[in-house]
$ cat start.cif   # mmCIF, N, CA, C and O atoms
data_protein
#
loop_
_atom_site.label_atom_id
_atom_site.label_comp_id
_atom_site.auth_asym_id
_atom_site.auth_seq_id
_atom_site.Cartn_x
_atom_site.Cartn_y
_atom_site.Cartn_z
N MET A 1 -2.10 -10.83 -30.73
CA MET A 1 -2.89 -11.03 -29.54
C MET A 1 -3.31 -12.49 -29.45
O MET A 1 -3.80 -13.06 -30.42
N GLU A 2 -3.15 -13.07 -28.28
CA GLU A 2 -3.52 -14.47 -28.07
C GLU A 2 -5.03 -14.58 -27.85
O GLU A 2 -5.60 -13.83 -27.07
N ARG A 3 -5.68 -15.51 -28.53
CA ARG A 3 -7.11 -15.70 -28.37
C ARG A 3 -7.34 -17.08 -27.80
O ARG A 3 -6.79 -18.05 -28.28
N ARG A 4 -8.15 -17.16 -26.78
CA ARG A 4 -8.44 -18.42 -26.12
C ARG A 4 -9.88 -18.82 -26.38
O ARG A 4 -10.75 -17.98 -26.54
N GLN A 5 -10.11 -20.11 -26.36
CA GLN A 5 -11.44 -20.63 -26.62
C GLN A 5 -12.39 -20.37 -25.46
O GLN A 5 -13.56 -20.13 -25.65
N PHE A 6 -11.87 -20.39 -24.21
CA PHE A 6 -12.70 -20.21 -23.03
C PHE A 6 -12.17 -19.07 -22.17
O PHE A 6 -10.97 -18.84 -22.11
N ASP A 7 -13.07 -18.36 -21.50
CA ASP A 7 -12.67 -17.32 -20.57
C ASP A 7 -11.96 -17.95 -19.38
O ASP A 7 -12.21 -19.10 -19.03
N ARG A 8 -11.09 -17.15 -18.72
CA ARG A 8 -10.37 -17.62 -17.55
C ARG A 8 -10.97 -17.03 -16.29
O ARG A 8 -11.41 -15.90 -16.28
N GLU A 9 -10.94 -17.80 -15.22
CA GLU A 9 -11.37 -17.36 -13.90
C GLU A 9 -10.17 -16.70 -13.23
O GLU A 9 -9.07 -17.24 -13.23
N THR A 10 -10.37 -15.52 -12.66
CA THR A 10 -9.24 -14.80 -12.07
C THR A 10 -8.89 -15.28 -10.67
O THR A 10 -7.81 -15.01 -10.18
N ALA A 11 -9.79 -15.98 -9.99
CA ALA A 11 -9.54 -16.44 -8.62
C ALA A 11 -8.39 -17.43 -8.57
O ALA A 11 -8.12 -18.15 -9.53
N THR A 12 -7.73 -17.45 -7.43
CA THR A 12 -6.68 -18.44 -7.17
C THR A 12 -7.28 -19.50 -6.27
O THR A 12 -7.96 -19.19 -5.29
N VAL A 13 -7.05 -20.78 -6.61
CA VAL A 13 -7.66 -21.89 -5.91
C VAL A 13 -6.58 -22.83 -5.37
O VAL A 13 -5.69 -23.24 -6.11
N ALA A 14 -6.67 -23.17 -4.09
CA ALA A 14 -5.74 -24.14 -3.50
C ALA A 14 -6.20 -25.54 -3.87
O ALA A 14 -7.40 -25.83 -3.92
N ALA A 15 -5.24 -26.41 -4.15
CA ALA A 15 -5.57 -27.79 -4.53
C ALA A 15 -4.46 -28.73 -4.08
O ALA A 15 -3.34 -28.30 -3.82
N ALA A 16 -4.79 -29.99 -4.00
CA ALA A 16 -3.77 -31.02 -3.83
C ALA A 16 -3.52 -31.59 -5.22
O ALA A 16 -4.43 -31.68 -6.04
N CYS A 17 -2.30 -31.94 -5.49
CA CYS A 17 -1.91 -32.43 -6.81
C CYS A 17 -1.20 -33.76 -6.61
O CYS A 17 -0.26 -33.87 -5.83
N ARG A 18 -1.65 -34.78 -7.29
CA ARG A 18 -1.02 -36.10 -7.17
C ARG A 18 -0.30 -36.42 -8.48
O ARG A 18 -0.90 -36.48 -9.53
N VAL A 19 1.03 -36.60 -8.35
CA VAL A 19 1.89 -36.90 -9.49
C VAL A 19 2.66 -38.17 -9.18
O VAL A 19 3.34 -38.26 -8.16
N ARG A 20 2.52 -39.19 -10.02
CA ARG A 20 3.19 -40.47 -9.81
C ARG A 20 2.93 -41.02 -8.41
O ARG A 20 3.82 -41.55 -7.76
N GLY A 21 1.70 -40.83 -7.92
CA GLY A 21 1.31 -41.36 -6.62
C GLY A 21 1.74 -40.52 -5.43
O GLY A 21 1.44 -40.86 -4.29
N ILE A 22 2.42 -39.41 -5.63
CA ILE A 22 2.88 -38.56 -4.54
C ILE A 22 2.05 -37.28 -4.53
O ILE A 22 1.84 -36.66 -5.57
N ALA A 23 1.60 -36.88 -3.33
CA ALA A 23 0.77 -35.69 -3.20
C ALA A 23 1.62 -34.45 -2.96
O ALA A 23 2.59 -34.49 -2.20
N TYR A 24 1.24 -33.35 -3.62
CA TYR A 24 1.90 -32.05 -3.48
C TYR A 24 0.81 -31.00 -3.32
O TYR A 24 -0.31 -31.20 -3.76
N ARG A 25 1.18 -29.86 -2.78
CA ARG A 25 0.27 -28.71 -2.74
C ARG A 25 0.41 -27.94 -4.04
O ARG A 25 1.51 -27.83 -4.58
N ALA A 26 -0.69 -27.40 -4.50
CA ALA A 26 -0.67 -26.58 -5.72
C ALA A 26 -1.60 -25.40 -5.54
O ALA A 26 -2.55 -25.45 -4.76
N ARG A 27 -1.32 -24.34 -6.26
CA ARG A 27 -2.19 -23.17 -6.30
C ARG A 27 -2.55 -22.97 -7.76
O ARG A 27 -1.69 -22.77 -8.59
N LEU A 28 -3.84 -23.07 -8.06
CA LEU A 28 -4.33 -22.95 -9.43
C LEU A 28 -4.76 -21.52 -9.72
O LEU A 28 -5.39 -20.87 -8.89
N SER A 29 -4.42 -21.05 -10.91
CA SER A 29 -4.84 -19.72 -11.34
C SER A 29 -5.12 -19.77 -12.83
O SER A 29 -4.89 -20.78 -13.48
N GLU A 30 -5.64 -18.67 -13.35
CA GLU A 30 -5.95 -18.59 -14.78
C GLU A 30 -6.76 -19.81 -15.23
O GLU A 30 -6.51 -20.41 -16.26
N VAL A 31 -7.76 -20.16 -14.43
CA VAL A 31 -8.54 -21.36 -14.66
C VAL A 31 -9.61 -21.11 -15.71
O VAL A 31 -10.34 -20.12 -15.67
N SER A 32 -9.69 -22.03 -16.68
CA SER A 32 -10.75 -21.98 -17.69
C SER A 32 -11.42 -23.35 -17.70
O SER A 32 -11.04 -24.25 -16.96
N GLN A 33 -12.38 -23.51 -18.56
CA GLN A 33 -13.06 -24.81 -18.68
C GLN A 33 -12.10 -25.88 -19.19
O GLN A 33 -12.29 -27.06 -18.93
N GLN A 34 -11.07 -25.48 -19.89
CA GLN A 34 -10.16 -26.43 -20.52
C GLN A 34 -8.90 -26.71 -19.72
O GLN A 34 -8.27 -27.75 -19.91
N GLY A 35 -8.49 -25.81 -18.83
CA GLY A 35 -7.25 -26.03 -18.10
C GLY A 35 -6.93 -24.90 -17.15
O GLY A 35 -7.78 -24.06 -16.86
N CYS A 36 -5.69 -24.89 -16.67
CA CYS A 36 -5.28 -23.87 -15.72
C CYS A 36 -3.76 -23.79 -15.65
O CYS A 36 -3.05 -24.59 -16.25
N CYS A 37 -3.31 -22.83 -14.88
CA CYS A 37 -1.90 -22.71 -14.55
C CYS A 37 -1.77 -23.19 -13.11
O CYS A 37 -2.59 -22.82 -12.26
N ALA A 38 -0.81 -24.04 -12.82
CA ALA A 38 -0.60 -24.55 -11.47
C ALA A 38 0.77 -24.14 -10.97
O ALA A 38 1.77 -24.34 -11.66
N GLU A 39 0.78 -23.56 -9.79
CA GLU A 39 2.04 -23.22 -9.14
C GLU A 39 2.29 -24.32 -8.10
O GLU A 39 1.45 -24.58 -7.23
N MET A 40 3.41 -25.02 -8.23
CA MET A 40 3.73 -26.11 -7.31
C MET A 40 5.24 -26.25 -7.22
O MET A 40 5.97 -25.51 -7.86
N ALA A 41 5.69 -27.18 -6.42
CA ALA A 41 7.14 -27.36 -6.24
C ALA A 41 7.82 -27.58 -7.59
O ALA A 41 7.27 -28.19 -8.50
N ARG A 42 9.02 -27.06 -7.70
CA ARG A 42 9.82 -27.19 -8.91
C ARG A 42 10.08 -28.65 -9.27
O ARG A 42 10.27 -29.47 -8.39
N ASP A 43 10.09 -28.97 -10.54
CA ASP A 43 10.43 -30.30 -11.04
C ASP A 43 9.51 -31.42 -10.56
O ASP A 43 9.92 -32.57 -10.49
N VAL A 44 8.27 -31.08 -10.22
CA VAL A 44 7.31 -32.09 -9.78
C VAL A 44 6.79 -32.89 -10.97
O VAL A 44 6.66 -34.10 -10.90
N ALA A 45 6.51 -32.22 -12.07
CA ALA A 45 5.91 -32.88 -13.22
C ALA A 45 6.57 -32.39 -14.50
O ALA A 45 7.12 -31.30 -14.55
N ALA A 46 6.48 -33.21 -15.52
CA ALA A 46 7.07 -32.89 -16.82
C ALA A 46 5.97 -32.83 -17.88
O ALA A 46 4.91 -33.45 -17.72
N PRO A 47 6.19 -32.09 -18.96
CA PRO A 47 5.20 -32.05 -20.04
C PRO A 47 4.82 -33.46 -20.51
O PRO A 47 5.68 -34.34 -20.62
N GLY A 48 3.52 -33.64 -20.71
CA GLY A 48 2.99 -34.93 -21.16
C GLY A 48 2.58 -35.84 -20.01
O GLY A 48 1.91 -36.85 -20.22
N GLU A 49 2.95 -35.50 -18.79
CA GLU A 49 2.64 -36.33 -17.63
C GLU A 49 1.19 -36.13 -17.20
O GLU A 49 0.64 -35.04 -17.28
N ARG A 50 0.58 -37.21 -16.74
CA ARG A 50 -0.80 -37.16 -16.25
C ARG A 50 -0.77 -36.93 -14.74
O ARG A 50 0.03 -37.54 -14.05
N ILE A 51 -1.67 -36.05 -14.27
CA ILE A 51 -1.75 -35.77 -12.84
C ILE A 51 -3.21 -35.72 -12.42
O ILE A 51 -4.11 -35.66 -13.26
N LEU A 52 -3.44 -35.76 -11.11
CA LEU A 52 -4.78 -35.60 -10.55
C LEU A 52 -4.78 -34.38 -9.66
O LEU A 52 -3.90 -34.22 -8.81
N LEU A 53 -5.77 -33.53 -9.83
CA LEU A 53 -5.97 -32.38 -8.97
C LEU A 53 -7.13 -32.68 -8.05
O LEU A 53 -8.19 -33.11 -8.51
N GLN A 54 -6.95 -32.48 -6.76
CA GLN A 54 -8.02 -32.70 -5.78
C GLN A 54 -8.42 -31.35 -5.20
O GLN A 54 -7.60 -30.67 -4.59
N LEU A 55 -9.67 -30.96 -5.44
CA LEU A 55 -10.20 -29.70 -4.92
C LEU A 55 -11.26 -30.05 -3.89
O LEU A 55 -12.35 -30.46 -4.25
N GLY A 56 -10.90 -29.95 -2.64
CA GLY A 56 -11.84 -30.32 -1.58
C GLY A 56 -12.08 -31.81 -1.58
O GLY A 56 -11.32 -32.59 -2.17
N ALA A 57 -13.14 -32.21 -0.90
CA ALA A 57 -13.43 -33.64 -0.74
C ALA A 57 -14.18 -34.24 -1.93
O ALA A 57 -14.14 -35.45 -2.13
N LEU A 58 -14.82 -33.41 -2.73
CA LEU A 58 -15.73 -33.94 -3.74
C LEU A 58 -15.29 -33.80 -5.20
O LEU A 58 -15.91 -34.37 -6.07
N LEU A 59 -14.23 -33.05 -5.46
CA LEU A 59 -13.89 -32.78 -6.86
C LEU A 59 -12.46 -33.21 -7.18
O LEU A 59 -11.51 -32.67 -6.63
N THR A 60 -12.32 -34.21 -8.03
CA THR A 60 -11.01 -34.67 -8.51
C THR A 60 -10.98 -34.47 -10.02
O THR A 60 -11.88 -34.91 -10.73
N LEU A 61 -9.91 -33.80 -10.49
CA LEU A 61 -9.79 -33.48 -11.91
C LEU A 61 -8.54 -34.10 -12.50
O LEU A 61 -7.43 -33.71 -12.13
N PRO A 62 -8.67 -35.07 -13.40
CA PRO A 62 -7.48 -35.56 -14.11
C PRO A 62 -7.04 -34.51 -15.12
O PRO A 62 -7.87 -33.83 -15.73
N ALA A 63 -5.72 -34.36 -15.27
CA ALA A 63 -5.19 -33.35 -16.19
C ALA A 63 -3.87 -33.85 -16.79
O ALA A 63 -3.26 -34.79 -16.29
N ILE A 64 -3.45 -33.17 -17.85
CA ILE A 64 -2.18 -33.46 -18.51
C ILE A 64 -1.33 -32.19 -18.46
O ILE A 64 -1.82 -31.10 -18.74
N VAL A 65 -0.06 -32.35 -18.10
CA VAL A 65 0.86 -31.22 -18.06
C VAL A 65 1.23 -30.88 -19.50
O VAL A 65 1.72 -31.73 -20.24
N ARG A 66 1.01 -29.63 -19.90
CA ARG A 66 1.32 -29.20 -21.27
C ARG A 66 2.63 -28.43 -21.35
O ARG A 66 3.31 -28.47 -22.35
N TRP A 67 2.99 -27.69 -20.28
CA TRP A 67 4.26 -26.96 -20.26
C TRP A 67 4.69 -26.75 -18.81
O TRP A 67 3.87 -26.80 -17.90
N VAL A 68 5.98 -26.55 -18.61
CA VAL A 68 6.53 -26.26 -17.28
C VAL A 68 7.56 -25.16 -17.41
O VAL A 68 8.41 -25.20 -18.30
N GLU A 69 7.47 -24.16 -16.54
CA GLU A 69 8.44 -23.06 -16.46
C GLU A 69 8.70 -22.80 -14.98
O GLU A 69 7.87 -22.19 -14.31
N GLY A 70 9.83 -23.28 -14.46
CA GLY A 70 10.14 -23.10 -13.05
C GLY A 70 9.14 -23.82 -12.18
O GLY A 70 8.95 -25.03 -12.29
N ASP A 71 8.44 -23.07 -11.31
CA ASP A 71 7.45 -23.68 -10.42
C ASP A 71 6.02 -23.53 -10.94
O ASP A 71 5.07 -23.74 -10.21
N ARG A 72 5.87 -23.20 -12.21
CA ARG A 72 4.55 -23.07 -12.84
C ARG A 72 4.40 -24.10 -13.96
O ARG A 72 5.35 -24.39 -14.66
N ALA A 73 3.19 -24.61 -14.09
CA ALA A 73 2.90 -25.58 -15.14
C ALA A 73 1.54 -25.29 -15.75
O ALA A 73 0.61 -24.89 -15.05
N GLY A 74 1.42 -25.49 -17.04
CA GLY A 74 0.14 -25.36 -17.74
C GLY A 74 -0.51 -26.73 -17.79
O GLY A 74 0.10 -27.70 -18.23
N LEU A 75 -1.73 -26.81 -17.30
CA LEU A 75 -2.45 -28.08 -17.24
C LEU A 75 -3.68 -28.04 -18.14
O LEU A 75 -4.40 -27.04 -18.16
N GLU A 76 -3.91 -29.12 -18.84
CA GLU A 76 -5.13 -29.28 -19.64
C GLU A 76 -5.98 -30.35 -18.98
O GLU A 76 -5.52 -31.47 -18.76
N PHE A 77 -7.22 -29.99 -18.63
CA PHE A 77 -8.11 -30.97 -18.00
C PHE A 77 -8.46 -32.08 -18.98
O PHE A 77 -8.64 -31.83 -20.18
N ALA A 78 -8.58 -33.30 -18.48
CA ALA A 78 -8.93 -34.44 -19.33
C ALA A 78 -10.32 -34.27 -19.92
O ALA A 78 -10.59 -34.71 -21.03
N HIS A 79 -11.20 -33.60 -19.17
CA HIS A 79 -12.57 -33.35 -19.62
C HIS A 79 -12.89 -31.89 -19.31
O HIS A 79 -12.69 -31.45 -18.18
N PRO A 80 -13.37 -31.13 -20.28
CA PRO A 80 -13.69 -29.72 -20.01
C PRO A 80 -14.66 -29.59 -18.84
O PRO A 80 -15.57 -30.40 -18.67
N LEU A 81 -14.46 -28.56 -18.04
CA LEU A 81 -15.32 -28.31 -16.88
C LEU A 81 -16.42 -27.36 -17.23
O LEU A 81 -16.25 -26.49 -18.07
N HIS A 82 -17.51 -27.49 -16.52
CA HIS A 82 -18.55 -26.47 -16.59
C HIS A 82 -18.02 -25.28 -15.82
O HIS A 82 -17.53 -25.42 -14.70
N GLY A 83 -18.04 -24.10 -16.40
CA GLY A 83 -17.44 -22.92 -15.81
C GLY A 83 -17.90 -22.62 -14.39
O GLY A 83 -17.14 -22.12 -13.57
N ALA A 84 -19.13 -22.91 -14.05
CA ALA A 84 -19.66 -22.58 -12.73
C ALA A 84 -19.02 -23.41 -11.63
O ALA A 84 -18.97 -22.98 -10.48
N ILE A 85 -18.50 -24.58 -11.94
CA ILE A 85 -17.93 -25.45 -10.91
C ILE A 85 -16.75 -24.76 -10.22
O ILE A 85 -16.71 -24.65 -9.00
N LEU A 86 -15.78 -24.31 -10.98
CA LEU A 86 -14.61 -23.68 -10.38
C LEU A 86 -14.92 -22.32 -9.77
O LEU A 86 -14.39 -21.98 -8.73
N SER A 87 -15.81 -21.57 -10.38
CA SER A 87 -16.19 -20.28 -9.81
C SER A 87 -16.81 -20.48 -8.43
O SER A 87 -16.49 -19.78 -7.48
N GLN A 88 -17.69 -21.46 -8.33
CA GLN A 88 -18.34 -21.74 -7.06
C GLN A 88 -17.33 -22.21 -6.01
O GLN A 88 -17.35 -21.77 -4.87
N TYR A 89 -16.40 -23.06 -6.40
CA TYR A 89 -15.39 -23.56 -5.48
C TYR A 89 -14.49 -22.41 -5.01
O TYR A 89 -14.18 -22.29 -3.83
N ALA A 90 -14.07 -21.54 -5.93
CA ALA A 90 -13.22 -20.40 -5.57
C ALA A 90 -13.94 -19.47 -4.61
O ALA A 90 -13.35 -18.99 -3.64
N ARG A 91 -15.22 -19.20 -4.84
CA ARG A 91 -15.99 -18.34 -3.93
C ARG A 91 -16.06 -18.97 -2.54
O ARG A 91 -15.92 -18.29 -1.52
N ARG A 92 -16.27 -20.28 -2.47
CA ARG A 92 -16.35 -20.97 -1.18
C ARG A 92 -15.02 -20.86 -0.43
O ARG A 92 -15.00 -20.60 0.76
N GLN A 93 -13.89 -21.01 -1.15
CA GLN A 93 -12.59 -20.87 -0.50
C GLN A 93 -12.40 -19.45 0.03
O GLN A 93 -11.91 -19.26 1.13
N ASP A 94 -12.79 -18.45 -0.74
CA ASP A 94 -12.68 -17.06 -0.30
C ASP A 94 -13.50 -16.82 0.96
O ASP A 94 -13.06 -16.16 1.90
N GLU A 95 -14.72 -17.36 1.00
CA GLU A 95 -15.58 -17.20 2.17
C GLU A 95 -14.97 -17.87 3.39
O GLU A 95 -14.98 -17.31 4.49
N GLU A 96 -14.38 -19.06 3.21
CA GLU A 96 -13.75 -19.77 4.32
C GLU A 96 -12.57 -18.98 4.86
O GLU A 96 -12.36 -18.89 6.07
N ARG A 97 -11.77 -18.38 3.96
CA ARG A 97 -10.63 -17.56 4.40
C ARG A 97 -11.10 -16.34 5.19
O ARG A 97 -10.53 -15.99 6.20
N ARG A 98 -12.16 -15.69 4.73
CA ARG A 98 -12.69 -14.52 5.43
C ARG A 98 -13.21 -14.91 6.80
O ARG A 98 -13.05 -14.19 7.79
N ASP A 99 -13.86 -16.08 6.90
CA ASP A 99 -14.40 -16.53 8.19
C ASP A 99 -13.29 -16.81 9.20
O ASP A 99 -13.51 -16.69 10.40
N LEU A 100 -12.12 -17.18 8.74
CA LEU A 100 -11.01 -17.47 9.64
C LEU A 100 -10.38 -16.21 10.21
O LEU A 100 -9.67 -16.25 11.22
N HIS A 101 -10.60 -15.07 9.56
CA HIS A 101 -9.96 -13.82 10.01
C HIS A 101 -10.88 -12.94 10.79
O HIS A 101 -11.95 -12.94 10.89
#
$ encode --input "start.cif" --output "structure tokens"
Amino acid sequence: MERRQFDRETATVAAACRVRGIAYRARLSEVSQQGCCAEMARDVAAPGERILLQLGALLTLPAIVRWVEGDRAGLEFAHPLHGAILSQYARRQDEERRDLH
């Protein structure tokens, strides 16, 4: 059984991802204080590459790509996050989606 240091957030979060100065769309899942899984275009980033995740207007997260499998990549945040930050952002996105429908 795999044991992780931090719990994961089950919400999926939309983000912009900047790799080598080029912006891409990404969908973050399995988010913890230490990192996340990012679904983005195939072959966008390689293991060891540094990227920036932009969540809304106020939150930019530098991260390092740890693994890539198809259109999914494992990202490690440069600085661990406080767990409430991503939970709050995910809830806000869910509320915005509900308001649009």
$ resolve_selection --input "start.cif" --expression "the PyMOL selection byres (((chain A and resi 31-45 and name CA) around 7) and name CA)" --output "list in words"
Phe6, Asp7, Arg8, Glu9, Val19, Arg25, Ala26, Arg27, Leu28, Ser29, Glu30, Ala46, Pro47, Glu49, Gly70, Asp71, Arg72, Ala73, Gly74, Leu75, Glu76, Phe77, Pro80, Leu81, His82 and Gly83 of chain A
$ atom_distance --input "start.cif" --atom1 "atom CA of Leu55 of chain A" --atom2 "atom CA of Glu69 of chain A"
22.9 Å
$ atom_distance --input "start.cif" --atom1 "atom O of Val13 of chain A" --atom2 "atom C of Leu53 of chain A"
9.7 Å
$ closest_residue --input "start.cif" --among "A:Gly56, A:Arg50, A:Ala78, A:Arg66" --to "Arg18 of chain A" --atoms "only N, CA, C and O atoms"
A:Arg50
$ atom_distance --input "start.cif" --atom1 "atom CA of His79 of chain A" --atom2 "atom CA of Ile22 of chain A"
22.2 Å
